[in-house]
Amino acid sequence: MAKVFKIALSGFNATTDTDPNHFSLYVDQLVDYILIKEKTFATVSVSSTTNIGHGLGYVPFCLVFAETSSGVWRKLFSAPIDGVGFWFEINATNLVLRNTSGGAKNYSYHIFYDNIT
Amino acid sequence: MTQIVAVAKIGKNAETATDPNDFIFHSSYNTFKIILEGTKSITLLASTNDQSFTQAHSQKFIPLVAGFAKRSGVSQVFLPNGIDVESWGATAGMDGDIKFNYISTDATNITFNFNNAKVTTVDVSIRYFVLEKVT
């Protein structure tokens with residue numbers, strides 16, 4: 001029998017409810033609902049390409065945001081179709097932050113332990 | 001001695017495993033939190049690019065936000081920096097008239113930005129997740 005560790009949100013019964021959305025913490029040994037275990041996060045100024053070594057030896061899940069104007073943070077994805085702007089790439093060694101906008105921008109990145117390959 | 005709460009994956013030993021990927025939960029690692037989840041319905045103007053829609057997030061900090069969009073009447077969702085790919089016949093091809101340009105946050109609002117190349121208005125629903133602090 002799988003071991004469980006669950007904390008239900010207010011108004012839900014942790015012993016009978018089966019919807020993971022009704023829990024602040026829903027852990028069994030079967031499904032990785034949590035998915036993300038944070039390794040590190042930081043903010044760095046990026047003018048062209050900045051490598052952030054993660055030392056994991058596999059491709060980890062990452063979240064990256066750029067401060068496109070003062071106090072405004074935009075979620076980043078892979079390279080734009082036109083290849084211009086802000087994006088990031090991940091390999092087994094580095095989180096690679098790219099900026100081809102022509103001016104330095106602040107990037108906020110989160111690297112997680114979770115292996116996405 | 002450091003005390004932890006951990007649940008290992010089936011087949012892994014919670015007492016001896018050292019790879020974070022062997023655990024479903026481990027109290028030594030911050031588990032990223034969803035602070036708030038919501039939906040927003042918008043209508044895109046016809047033949048108009050760079051349309052922004054805002055939603056107050058009511059947080060005392062600038063949060064990370066992730067979101068997904070879905071056009072009314074279809075089943076697929078699409079992400080920011082992506083288009084709503086639409087096929088219109090096995091041999092006719094496909095297009096992506098609606099583009100979810102970006103999702104961003106400031107101290108007050110979440111901003112969703114779209115292009116709509118269609119000559120008609122388009123109803124879109126967005127599901128967003130307000131996460132932890134940006135910095």
# chains A, B, ... in the order shown; residues from 1 in each chain; ligands from 1
call {"tool": "closest_atom_pairs", "arguments": {"of": "chain B", "to": "chain A", "cutoff": "10 Å", "atoms": "only C-alpha atoms", "output": "CSV"}}
result
residue,atom,partner,partner_atom,distance
B:Val5,CA,A:Phe5,CA,9.5
B:Ala6,CA,A:Phe5,CA,9.1
B:Val7,CA,A:Gln29,CA,6.7
B:Ala8,CA,A:Gln29,CA,6.4
B:Lys9,CA,A:Gln29,CA,4.8
B:Ile10,CA,A:Gln29,CA,5.5
B:Gly11,CA,A:Gln29,CA,9.2
B:Lys12,CA,A:Gln29,CA,9.6
B:Asp19,CA,A:Tyr113,CA,8.8
B:Pro20,CA,A:Tyr113,CA,6.3
B:Asn21,CA,A:Asp114,CA,5.9
B:Asp22,CA,A:Asp114,CA,9.6
B:Phe23,CA,A:Gln29,CA,8.3
B:Ile24,CA,A:Asp32,CA,5.3
B:Phe25,CA,A:Val27,CA,6.6
B:His26,CA,A:Lys37,CA,8.1
B:Ser27,CA,A:Lys37,CA,9.4
B:Ser28,CA,A:Lys37,CA,8.9
B:Tyr29,CA,A:Lys37,CA,5.4
B:Asn30,CA,A:Glu38,CA,5.2
B:Thr31,CA,A:Lys37,CA,5.0
B:Phe32,CA,A:Ile36,CA,6.3
B:Lys33,CA,A:Ser24,CA,8.8
B:Ile34,CA,A:Ser24,CA,9.0
B:Ile62,CA,A:Gly71,CA,8.0
B:Pro63,CA,A:Trp73,CA,8.7
B:Leu64,CA,A:Lys75,CA,7.6
B:Val65,CA,A:Lys75,CA,7.3
B:Ala66,CA,A:Lys75,CA,7.3
B:Gly67,CA,A:Lys75,CA,9.5
B:Leu79,CA,A:Phe77,CA,9.4
B:Pro80,CA,A:Phe77,CA,8.0
B:Asn81,CA,A:Phe77,CA,6.9
B:Gly82,CA,A:Pro80,CA,9.0
B:Tyr102,CA,A:Arg74,CA,7.0
B:Ile103,CA,A:Arg74,CA,5.9
B:Ser104,CA,A:Arg74,CA,4.0
B:Thr105,CA,A:Trp73,CA,5.3
B:Asp106,CA,A:Val72,CA,4.5
B:Ala107,CA,A:Gly71,CA,7.0
B:Thr108,CA,A:Val72,CA,9.8
B:Asn109,CA,A:Val72,CA,9.4
B:Ile110,CA,A:Val72,CA,9.4
B:Thr111,CA,A:Arg74,CA,9.1
B:Lys133,CA,A:Ser108,CA,9.9
B:Val134,CA,A:Ser108,CA,6.4
B:Thr135,CA,A:Ser108,CA,6.3
call {"tool": "write_last_selection", "arguments": {"atoms": "N, CA and C atoms", "output": "CSV table (one decimal), in the first residue's frame"}}
result
chain,number,residue,atom,x,y,z
B,5,VAL,N,11.0,15.3,6.7
B,5,VAL,CA,9.8,14.6,6.3
B,5,VAL,C,9.9,14.3,4.8
B,6,ALA,N,9.9,13.0,4.5
B,6,ALA,CA,10.1,12.7,3.1
B,6,ALA,C,9.3,11.5,2.7
B,7,VAL,N,8.8,11.5,1.5
B,7,VAL,CA,8.1,10.4,0.9
B,7,VAL,C,8.8,10.0,-0.4
B,8,ALA,N,9.4,8.9,-0.5
B,8,ALA,CA,10.1,8.4,-1.7
B,8,ALA,C,9.2,7.8,-2.7
B,9,LYS,N,9.6,7.8,-3.9
B,9,LYS,CA,8.8,7.1,-4.9
B,9,LYS,C,8.9,5.6,-4.7
B,10,ILE,N,7.8,4.9,-5.2
B,10,ILE,CA,7.8,3.5,-5.1
B,10,ILE,C,9.1,2.9,-5.5
B,11,GLY,N,9.7,2.0,-4.8
B,11,GLY,CA,11.0,1.3,-5.1
B,11,GLY,C,12.2,2.1,-4.7
B,12,LYS,N,12.0,3.2,-4.1
B,12,LYS,CA,13.2,4.0,-3.5
B,12,LYS,C,13.1,4.0,-2.0
B,19,ASP,N,19.2,11.3,-4.3
B,19,ASP,CA,18.8,12.0,-5.5
B,19,ASP,C,17.4,12.7,-5.3
B,20,PRO,N,17.3,14.0,-5.4
B,20,PRO,CA,16.0,14.6,-5.2
B,20,PRO,C,14.9,14.1,-6.1
B,21,ASN,N,15.3,13.5,-7.2
B,21,ASN,CA,14.3,13.0,-8.1
B,21,ASN,C,13.7,11.7,-7.7
B,22,ASP,N,14.3,11.1,-6.6
B,22,ASP,CA,13.7,9.9,-6.1
B,22,ASP,C,12.6,10.1,-5.1
B,23,PHE,N,12.3,11.4,-4.8
B,23,PHE,CA,11.3,11.7,-3.8
B,23,PHE,C,10.1,12.4,-4.5
B,24,ILE,N,8.9,12.0,-4.0
B,24,ILE,CA,7.7,12.8,-4.3
B,24,ILE,C,7.7,14.0,-3.5
B,25,PHE,N,8.1,13.9,-2.2
B,25,PHE,CA,8.2,15.1,-1.3
B,25,PHE,C,9.4,14.9,-0.4
B,26,HIS,N,10.0,16.1,-0.2
B,26,HIS,CA,11.2,16.1,0.7
B,26,HIS,C,11.2,17.5,1.3
B,27,SER,N,11.2,17.5,2.7
B,27,SER,CA,11.0,18.8,3.4
B,27,SER,C,12.3,19.6,3.3
B,28,SER,N,13.4,19.1,2.8
B,28,SER,CA,14.6,19.9,2.6
B,28,SER,C,14.5,20.8,1.4
B,29,TYR,N,13.6,20.5,0.5
B,29,TYR,CA,13.5,21.3,-0.7
B,29,TYR,C,12.3,22.1,-0.8
B,30,ASN,N,12.4,23.4,-1.1
B,30,ASN,CA,11.2,24.2,-1.2
B,30,ASN,C,10.3,23.7,-2.3
B,31,THR,N,9.1,23.4,-2.0
B,31,THR,CA,8.1,23.1,-3.1
B,31,THR,C,7.4,24.3,-3.5
B,32,PHE,N,7.5,24.6,-4.8
B,32,PHE,CA,6.9,25.8,-5.3
B,32,PHE,C,5.4,25.9,-5.1
B,33,LYS,N,5.0,27.1,-4.7
B,33,LYS,CA,3.6,27.2,-4.2
B,33,LYS,C,2.7,28.0,-5.2
B,34,ILE,N,1.5,27.6,-5.3
B,34,ILE,CA,0.5,28.4,-6.0
B,34,ILE,C,-0.2,29.2,-5.0
B,62,ILE,N,5.6,41.3,-6.1
B,62,ILE,CA,5.5,41.0,-7.6
B,62,ILE,C,5.6,39.5,-7.7
B,63,PRO,N,4.6,38.8,-8.1
B,63,PRO,CA,4.6,37.3,-8.2
B,63,PRO,C,5.0,36.8,-9.6
B,64,LEU,N,5.5,35.6,-9.6
B,64,LEU,CA,5.6,34.9,-10.8
B,64,LEU,C,4.2,34.5,-11.2
B,65,VAL,N,3.9,34.5,-12.5
B,65,VAL,CA,2.6,34.1,-13.0
B,65,VAL,C,2.8,33.2,-14.2
B,66,ALA,N,2.0,32.1,-14.2
B,66,ALA,CA,2.0,31.3,-15.4
B,66,ALA,C,0.5,31.3,-15.9
B,67,GLY,N,0.3,31.1,-17.2
B,67,GLY,CA,-1.1,31.1,-17.7
B,67,GLY,C,-1.3,30.3,-19.0
B,79,LEU,N,0.0,28.5,-24.9
B,79,LEU,CA,0.8,29.3,-23.9
B,79,LEU,C,1.2,30.6,-24.5
B,80,PRO,N,1.7,31.5,-23.6
B,80,PRO,CA,2.3,32.7,-24.0
B,80,PRO,C,3.5,32.4,-24.9
B,81,ASN,N,3.8,33.3,-25.8
B,81,ASN,CA,4.8,33.1,-26.8
B,81,ASN,C,4.4,32.1,-27.8
B,82,GLY,N,3.1,31.9,-27.9
B,82,GLY,CA,2.6,30.8,-28.8
B,82,GLY,C,1.3,31.2,-29.5
B,102,TYR,N,2.4,37.5,-24.6
B,102,TYR,CA,3.1,37.4,-23.3
B,102,TYR,C,2.2,37.5,-22.1
B,103,ILE,N,2.7,37.1,-21.0
B,103,ILE,CA,2.1,37.3,-19.7
B,103,ILE,C,3.1,37.9,-18.8
B,104,SER,N,2.8,39.0,-18.1
B,104,SER,CA,3.7,39.7,-17.3
B,104,SER,C,3.0,40.2,-16.0
B,105,THR,N,3.8,40.6,-15.0
B,105,THR,CA,3.2,41.1,-13.8
B,105,THR,C,4.0,42.3,-13.3
B,106,ASP,N,3.3,43.2,-12.6
B,106,ASP,CA,4.0,44.3,-11.9
B,106,ASP,C,3.4,44.2,-10.5
B,107,ALA,N,3.6,45.3,-9.8
B,107,ALA,CA,3.3,45.3,-8.3
B,107,ALA,C,1.8,45.2,-8.1
B,108,THR,N,1.0,45.4,-9.2
B,108,THR,CA,-0.5,45.5,-9.0
B,108,THR,C,-1.2,44.5,-9.9
B,109,ASN,N,-0.8,44.4,-11.1
B,109,ASN,CA,-1.6,43.6,-12.1
B,109,ASN,C,-0.8,42.5,-12.8
B,110,ILE,N,-1.6,41.6,-13.3
B,110,ILE,CA,-1.1,40.6,-14.3
B,110,ILE,C,-1.6,41.2,-15.6
B,111,THR,N,-0.7,41.1,-16.6
B,111,THR,CA,-1.1,41.6,-18.0
B,111,THR,C,-1.0,40.4,-19.0
B,133,LYS,N,7.3,34.8,-5.3
B,133,LYS,CA,7.9,36.1,-5.7
B,133,LYS,C,8.8,36.0,-6.8
B,134,VAL,N,8.9,37.0,-7.7
B,134,VAL,CA,9.8,37.0,-8.8
B,134,VAL,C,11.3,37.0,-8.2
B,135,THR,N,11.5,37.8,-7.3
B,135,THR,CA,12.9,37.9,-6.7
B,135,THR,C,12.9,37.7,-5.2
call {"tool": "residues_around", "arguments": {"residues": "range 116-127 of chain B", "least_positions_apart": "6", "cutoff": "7 Å", "atoms": "only C-alpha atoms", "output": "ChimeraX atom specification"}}
result
/B:38-49,67-72,97-99
call {"tool": "residues_around", "arguments": {"residues": "His54 in chain A", "least_positions_apart": "4", "cutoff": "10 Å", "atoms": "only C-alpha atoms", "output": "ChimeraX atom specification"}}
result
/A:39-40,58-60,90-95,111-113
call {"tool": "select_by_dssp", "arguments": {"residues": "chain B", "states": "strand (DSSP E)", "output": "short mmCIF file (atom, residue, chain, number, x, y, z; two decimals) with N, CA, C and O atoms, in the first residue's frame"}}
result
data_model
loop_
_atom_site.label_atom_id
_atom_site.label_comp_id
_atom_site.auth_asym_id
_atom_site.auth_seq_id
_atom_site.Cartn_x
_atom_site.Cartn_y
_atom_site.Cartn_z
N ALA B 6 9.91 13.04 4.49
CA ALA B 6 10.14 12.67 3.09
C ALA B 6 9.26 11.49 2.69
O ALA B 6 9.00 10.61 3.51
N VAL B 7 8.80 11.52 1.45
CA VAL B 7 8.08 10.39 0.87
C VAL B 7 8.79 10.04 -0.43
O VAL B 7 8.84 10.85 -1.36
N ALA B 8 9.39 8.85 -0.46
CA ALA B 8 10.12 8.43 -1.66
C ALA B 8 9.17 7.82 -2.67
O ALA B 8 8.07 7.38 -2.33
N PHE B 23 12.34 11.36 -4.82
CA PHE B 23 11.32 11.70 -3.83
C PHE B 23 10.11 12.37 -4.47
O PHE B 23 10.25 13.19 -5.37
N ILE B 24 8.93 12.02 -3.96
CA ILE B 24 7.73 12.77 -4.31
C ILE B 24 7.70 14.04 -3.47
O ILE B 24 7.32 15.11 -3.94
N PHE B 25 8.10 13.90 -2.23
CA PHE B 25 8.15 15.07 -1.34
C PHE B 25 9.36 14.94 -0.43
O PHE B 25 9.68 13.85 0.05
N HIS B 26 10.03 16.07 -0.22
CA HIS B 26 11.17 16.09 0.70
C HIS B 26 11.21 17.46 1.35
O HIS B 26 11.27 18.49 0.66
N ASN B 30 12.39 23.37 -1.10
CA ASN B 30 11.20 24.20 -1.23
C ASN B 30 10.32 23.67 -2.34
O ASN B 30 10.77 23.45 -3.46
N THR B 31 9.06 23.44 -2.03
CA THR B 31 8.12 23.06 -3.08
C THR B 31 7.41 24.34 -3.52
O THR B 31 6.87 25.07 -2.70
N LEU B 36 -2.38 31.68 -5.75
CA LEU B 36 -3.73 32.03 -6.20
C LEU B 36 -3.94 31.44 -7.59
O LEU B 36 -3.01 31.40 -8.39
N GLU B 37 -5.14 31.00 -7.85
CA GLU B 37 -5.48 30.46 -9.16
C GLU B 37 -6.77 31.13 -9.61
O GLU B 37 -7.66 31.35 -8.79
N GLY B 38 -6.86 31.48 -10.88
CA GLY B 38 -8.08 32.14 -11.33
C GLY B 38 -8.29 31.99 -12.82
O GLY B 38 -7.43 31.50 -13.55
N THR B 39 -9.46 32.43 -13.26
CA THR B 39 -9.76 32.44 -14.69
C THR B 39 -10.23 33.83 -15.08
O THR B 39 -10.77 34.58 -14.25
N LYS B 40 -10.02 34.18 -16.33
CA LYS B 40 -10.45 35.47 -16.84
C LYS B 40 -10.97 35.27 -18.26
O LYS B 40 -10.31 34.61 -19.07
N SER B 41 -12.13 35.83 -18.53
CA SER B 41 -12.69 35.77 -19.88
C SER B 41 -12.50 37.11 -20.56
O SER B 41 -12.80 38.15 -19.98
N ILE B 42 -12.00 37.06 -21.78
CA ILE B 42 -11.76 38.30 -22.53
C ILE B 42 -12.31 38.14 -23.94
O ILE B 42 -12.57 37.03 -24.41
N THR B 43 -12.50 39.27 -24.59
CA THR B 43 -12.90 39.27 -26.00
C THR B 43 -11.88 40.07 -26.78
O THR B 43 -11.67 41.26 -26.50
N LEU B 44 -11.24 39.42 -27.73
CA LEU B 44 -10.23 40.09 -28.54
C LEU B 44 -10.91 40.90 -29.65
O LEU B 44 -11.82 40.38 -30.33
N THR B 48 -6.72 43.18 -34.72
CA THR B 48 -5.96 44.10 -33.88
C THR B 48 -4.85 43.34 -33.16
O THR B 48 -5.10 42.31 -32.53
N ASN B 49 -3.65 43.88 -33.28
CA ASN B 49 -2.52 43.30 -32.55
C ASN B 49 -2.26 44.06 -31.26
O ASN B 49 -2.78 45.16 -31.05
N ASP B 50 -1.45 43.47 -30.41
CA ASP B 50 -0.97 44.12 -29.18
C ASP B 50 -2.12 44.57 -28.28
O ASP B 50 -2.17 45.71 -27.84
N GLN B 51 -3.04 43.64 -28.01
CA GLN B 51 -4.16 43.94 -27.11
C GLN B 51 -3.82 43.45 -25.71
O GLN B 51 -3.51 42.28 -25.52
N SER B 52 -3.88 44.35 -24.74
CA SER B 52 -3.56 43.99 -23.36
C SER B 52 -4.81 43.97 -22.48
O SER B 52 -5.69 44.82 -22.62
N PHE B 53 -4.83 43.00 -21.58
CA PHE B 53 -5.91 42.86 -20.60
C PHE B 53 -5.27 42.67 -19.24
O PHE B 53 -4.28 41.94 -19.12
N THR B 54 -5.80 43.33 -18.24
CA THR B 54 -5.17 43.26 -16.92
C THR B 54 -6.09 42.60 -15.90
O THR B 54 -7.32 42.62 -16.03
N GLN B 55 -5.45 42.03 -14.90
CA GLN B 55 -6.16 41.38 -13.80
C GLN B 55 -5.37 41.67 -12.52
O GLN B 55 -4.18 41.36 -12.45
N ALA B 56 -6.00 42.30 -11.53
CA ALA B 56 -5.31 42.57 -10.27
C ALA B 56 -4.95 41.26 -9.58
O ALA B 56 -5.77 40.33 -9.54
N PRO B 63 4.56 38.80 -8.13
CA PRO B 63 4.62 37.33 -8.20
C PRO B 63 5.02 36.82 -9.58
O PRO B 63 4.86 37.50 -10.60
N LEU B 64 5.52 35.61 -9.59
CA LEU B 64 5.64 34.87 -10.84
C LEU B 64 4.23 34.45 -11.24
O LEU B 64 3.44 34.08 -10.39
N VAL B 65 3.94 34.51 -12.52
CA VAL B 65 2.62 34.08 -12.97
C VAL B 65 2.76 33.23 -14.22
O VAL B 65 3.53 33.57 -15.14
N ALA B 66 2.05 32.13 -14.25
CA ALA B 66 1.97 31.29 -15.43
C ALA B 66 0.51 31.27 -15.89
O ALA B 66 -0.40 31.44 -15.07
N GLY B 67 0.30 31.10 -17.19
CA GLY B 67 -1.08 31.11 -17.67
C GLY B 67 -1.25 30.33 -18.96
O GLY B 67 -0.28 30.09 -19.69
N PHE B 68 -2.49 29.94 -19.21
CA PHE B 68 -2.85 29.20 -20.41
C PHE B 68 -4.10 29.83 -20.99
O PHE B 68 -4.99 30.24 -20.25
N ALA B 69 -4.19 29.88 -22.31
CA ALA B 69 -5.35 30.47 -22.96
C ALA B 69 -6.09 29.41 -23.78
O ALA B 69 -5.48 28.45 -24.27
N LYS B 70 -7.39 29.61 -23.91
CA LYS B 70 -8.20 28.71 -24.74
C LYS B 70 -9.26 29.53 -25.45
O LYS B 70 -9.99 30.29 -24.81
N ARG B 71 -9.30 29.36 -26.75
CA ARG B 71 -10.32 30.06 -27.54
C ARG B 71 -11.67 29.39 -27.34
O ARG B 71 -11.75 28.16 -27.23
N GLY B 82 3.10 31.86 -27.92
CA GLY B 82 2.62 30.81 -28.82
C GLY B 82 1.33 31.21 -29.52
O GLY B 82 0.67 32.18 -29.15
N ILE B 83 1.00 30.46 -30.56
CA ILE B 83 -0.20 30.73 -31.34
C ILE B 83 -1.22 29.61 -31.16
O ILE B 83 -0.87 28.50 -30.76
N GLU B 86 -4.64 26.40 -35.82
CA GLU B 86 -5.99 26.10 -36.28
C GLU B 86 -5.89 25.42 -37.64
O GLU B 86 -5.41 26.02 -38.60
N SER B 87 -6.30 24.16 -37.71
CA SER B 87 -6.27 23.50 -39.01
C SER B 87 -7.60 23.71 -39.70
O SER B 87 -8.65 23.74 -39.06
N MET B 94 -2.97 25.17 -42.31
CA MET B 94 -3.38 25.66 -41.00
C MET B 94 -2.86 27.07 -40.81
O MET B 94 -2.00 27.56 -41.54
N ASP B 95 -3.44 27.74 -39.84
CA ASP B 95 -2.96 29.09 -39.55
C ASP B 95 -2.96 29.29 -38.04
O ASP B 95 -3.38 28.43 -37.27
N ILE B 98 -4.48 33.77 -33.92
CA ILE B 98 -4.50 34.33 -32.57
C ILE B 98 -3.18 33.98 -31.88
O ILE B 98 -2.78 32.81 -31.83
N LYS B 99 -2.52 34.99 -31.38
CA LYS B 99 -1.24 34.77 -30.71
C LYS B 99 -1.32 35.32 -29.30
O LYS B 99 -1.78 36.43 -29.07
N PHE B 100 -0.88 34.49 -28.35
CA PHE B 100 -0.74 34.90 -26.95
C PHE B 100 0.69 35.43 -26.82
O PHE B 100 1.64 34.67 -26.72
N ASN B 101 0.84 36.74 -26.89
CA ASN B 101 2.19 37.31 -26.96
C ASN B 101 2.98 37.13 -25.67
O ASN B 101 4.13 36.68 -25.70
N TYR B 102 2.37 37.53 -24.58
CA TYR B 102 3.11 37.39 -23.32
C TYR B 102 2.18 37.50 -22.12
O TYR B 102 1.03 37.94 -22.24
N ILE B 103 2.72 37.09 -20.98
CA ILE B 103 2.07 37.29 -19.69
C ILE B 103 3.11 37.94 -18.80
O ILE B 103 4.26 37.48 -18.74
N SER B 104 2.75 39.02 -18.15
CA SER B 104 3.72 39.71 -17.29
C SER B 104 3.01 40.21 -16.03
O SER B 104 1.77 40.24 -15.97
N THR B 105 3.80 40.60 -15.04
CA THR B 105 3.24 41.10 -13.79
C THR B 105 4.00 42.33 -13.34
O THR B 105 5.19 42.48 -13.62
N ASN B 109 -0.79 44.36 -11.11
CA ASN B 109 -1.59 43.61 -12.09
C ASN B 109 -0.82 42.49 -12.79
O ASN B 109 0.41 42.53 -12.91
N ILE B 110 -1.61 41.56 -13.30
CA ILE B 110 -1.15 40.61 -14.30
C ILE B 110 -1.60 41.16 -15.64
O ILE B 110 -2.74 41.63 -15.77
N THR B 111 -0.73 41.13 -16.64
CA THR B 111 -1.11 41.60 -17.98
C THR B 111 -1.02 40.44 -18.97
O THR B 111 -0.01 39.75 -19.03
N PHE B 112 -2.09 40.27 -19.73
CA PHE B 112 -2.15 39.27 -20.79
C PHE B 112 -2.19 40.02 -22.11
O PHE B 112 -3.04 40.90 -22.29
N ASN B 113 -1.33 39.69 -23.05
CA ASN B 113 -1.27 40.43 -24.32
C ASN B 113 -1.45 39.49 -25.50
O ASN B 113 -0.80 38.44 -25.58
N PHE B 114 -2.33 39.88 -26.42
CA PHE B 114 -2.70 39.02 -27.56
C PHE B 114 -2.68 39.79 -28.88
O PHE B 114 -2.86 41.01 -28.90
N ASN B 115 -2.51 39.05 -29.96
CA ASN B 115 -2.81 39.52 -31.32
C ASN B 115 -4.05 38.76 -31.82
O ASN B 115 -4.22 37.57 -31.50
N ASN B 116 -4.85 39.43 -32.61
CA ASN B 116 -5.95 38.74 -33.29
C ASN B 116 -5.98 39.19 -34.75
O ASN B 116 -6.34 40.33 -35.06
N VAL B 122 -12.97 37.56 -30.99
CA VAL B 122 -12.74 36.19 -30.54
C VAL B 122 -12.81 36.15 -29.01
O VAL B 122 -12.15 36.96 -28.34
N ASP B 123 -13.60 35.23 -28.50
CA ASP B 123 -13.68 35.05 -27.04
C ASP B 123 -12.60 34.07 -26.59
O ASP B 123 -12.42 33.00 -27.19
N VAL B 124 -11.89 34.46 -25.55
CA VAL B 124 -10.79 33.64 -25.03
C VAL B 124 -10.93 33.55 -23.53
O VAL B 124 -11.25 34.55 -22.86
N SER B 125 -10.69 32.36 -22.99
CA SER B 125 -10.64 32.22 -21.53
C SER B 125 -9.19 31.93 -21.14
O SER B 125 -8.48 31.21 -21.84
N ILE B 126 -8.79 32.50 -20.03
CA ILE B 126 -7.42 32.33 -19.55
C ILE B 126 -7.47 31.73 -18.15
O ILE B 126 -8.25 32.19 -17.30
N ARG B 127 -6.66 30.74 -17.92
CA ARG B 127 -6.46 30.25 -16.55
C ARG B 127 -5.06 30.65 -16.12
O ARG B 127 -4.09 30.39 -16.83
N TYR B 128 -4.98 31.30 -14.99
CA TYR B 128 -3.67 31.78 -14.55
C TYR B 128 -3.36 31.27 -13.14
O TYR B 128 -4.27 31.00 -12.34
N PHE B 129 -2.08 31.16 -12.88
CA PHE B 129 -1.59 30.68 -11.60
C PHE B 129 -0.60 31.70 -11.05
O PHE B 129 0.43 31.96 -11.68
N VAL B 130 -0.91 32.25 -9.92
CA VAL B 130 -0.02 33.20 -9.26
C VAL B 130 0.88 32.41 -8.33
O VAL B 130 0.41 31.71 -7.42
N LEU B 131 2.18 32.53 -8.57
CA LEU B 131 3.16 31.70 -7.85
C LEU B 131 3.93 32.55 -6.84
O LEU B 131 3.41 33.55 -6.35
N GLU B 132 5.13 32.17 -6.55
CA GLU B 132 5.91 32.88 -5.54
C GLU B 132 6.49 34.17 -6.10
O GLU B 132 6.27 34.52 -7.24
N LYS B 133 7.28 34.83 -5.28
CA LYS B 133 7.86 36.11 -5.67
C LYS B 133 8.85 35.97 -6.83
O LYS B 133 9.55 34.97 -6.94
#
call {"tool": "atom_distance", "arguments": {"atom1": "CA of Ala17 in chain B", "atom2": "CA of Phe61 in chain A"}}
result
20.4 Å
call {"tool": "residues_around", "arguments": {"residues": "range 96-100 of chain A", "least_positions_apart": "6", "cutoff": "7 Å", "atoms": "only C-alpha atoms", "output": "JSON, numbers by chain"}}
result
{"A": [46, 47, 48, 49, 50, 51, 52, 84, 85, 86, 87, 88, 89, 90]}
call {"tool": "atom_distance", "arguments": {"atom1": "CA of Phe23 in chain A", "atom2": "CA of Gln59 in chain B"}}
result
21.2 Å
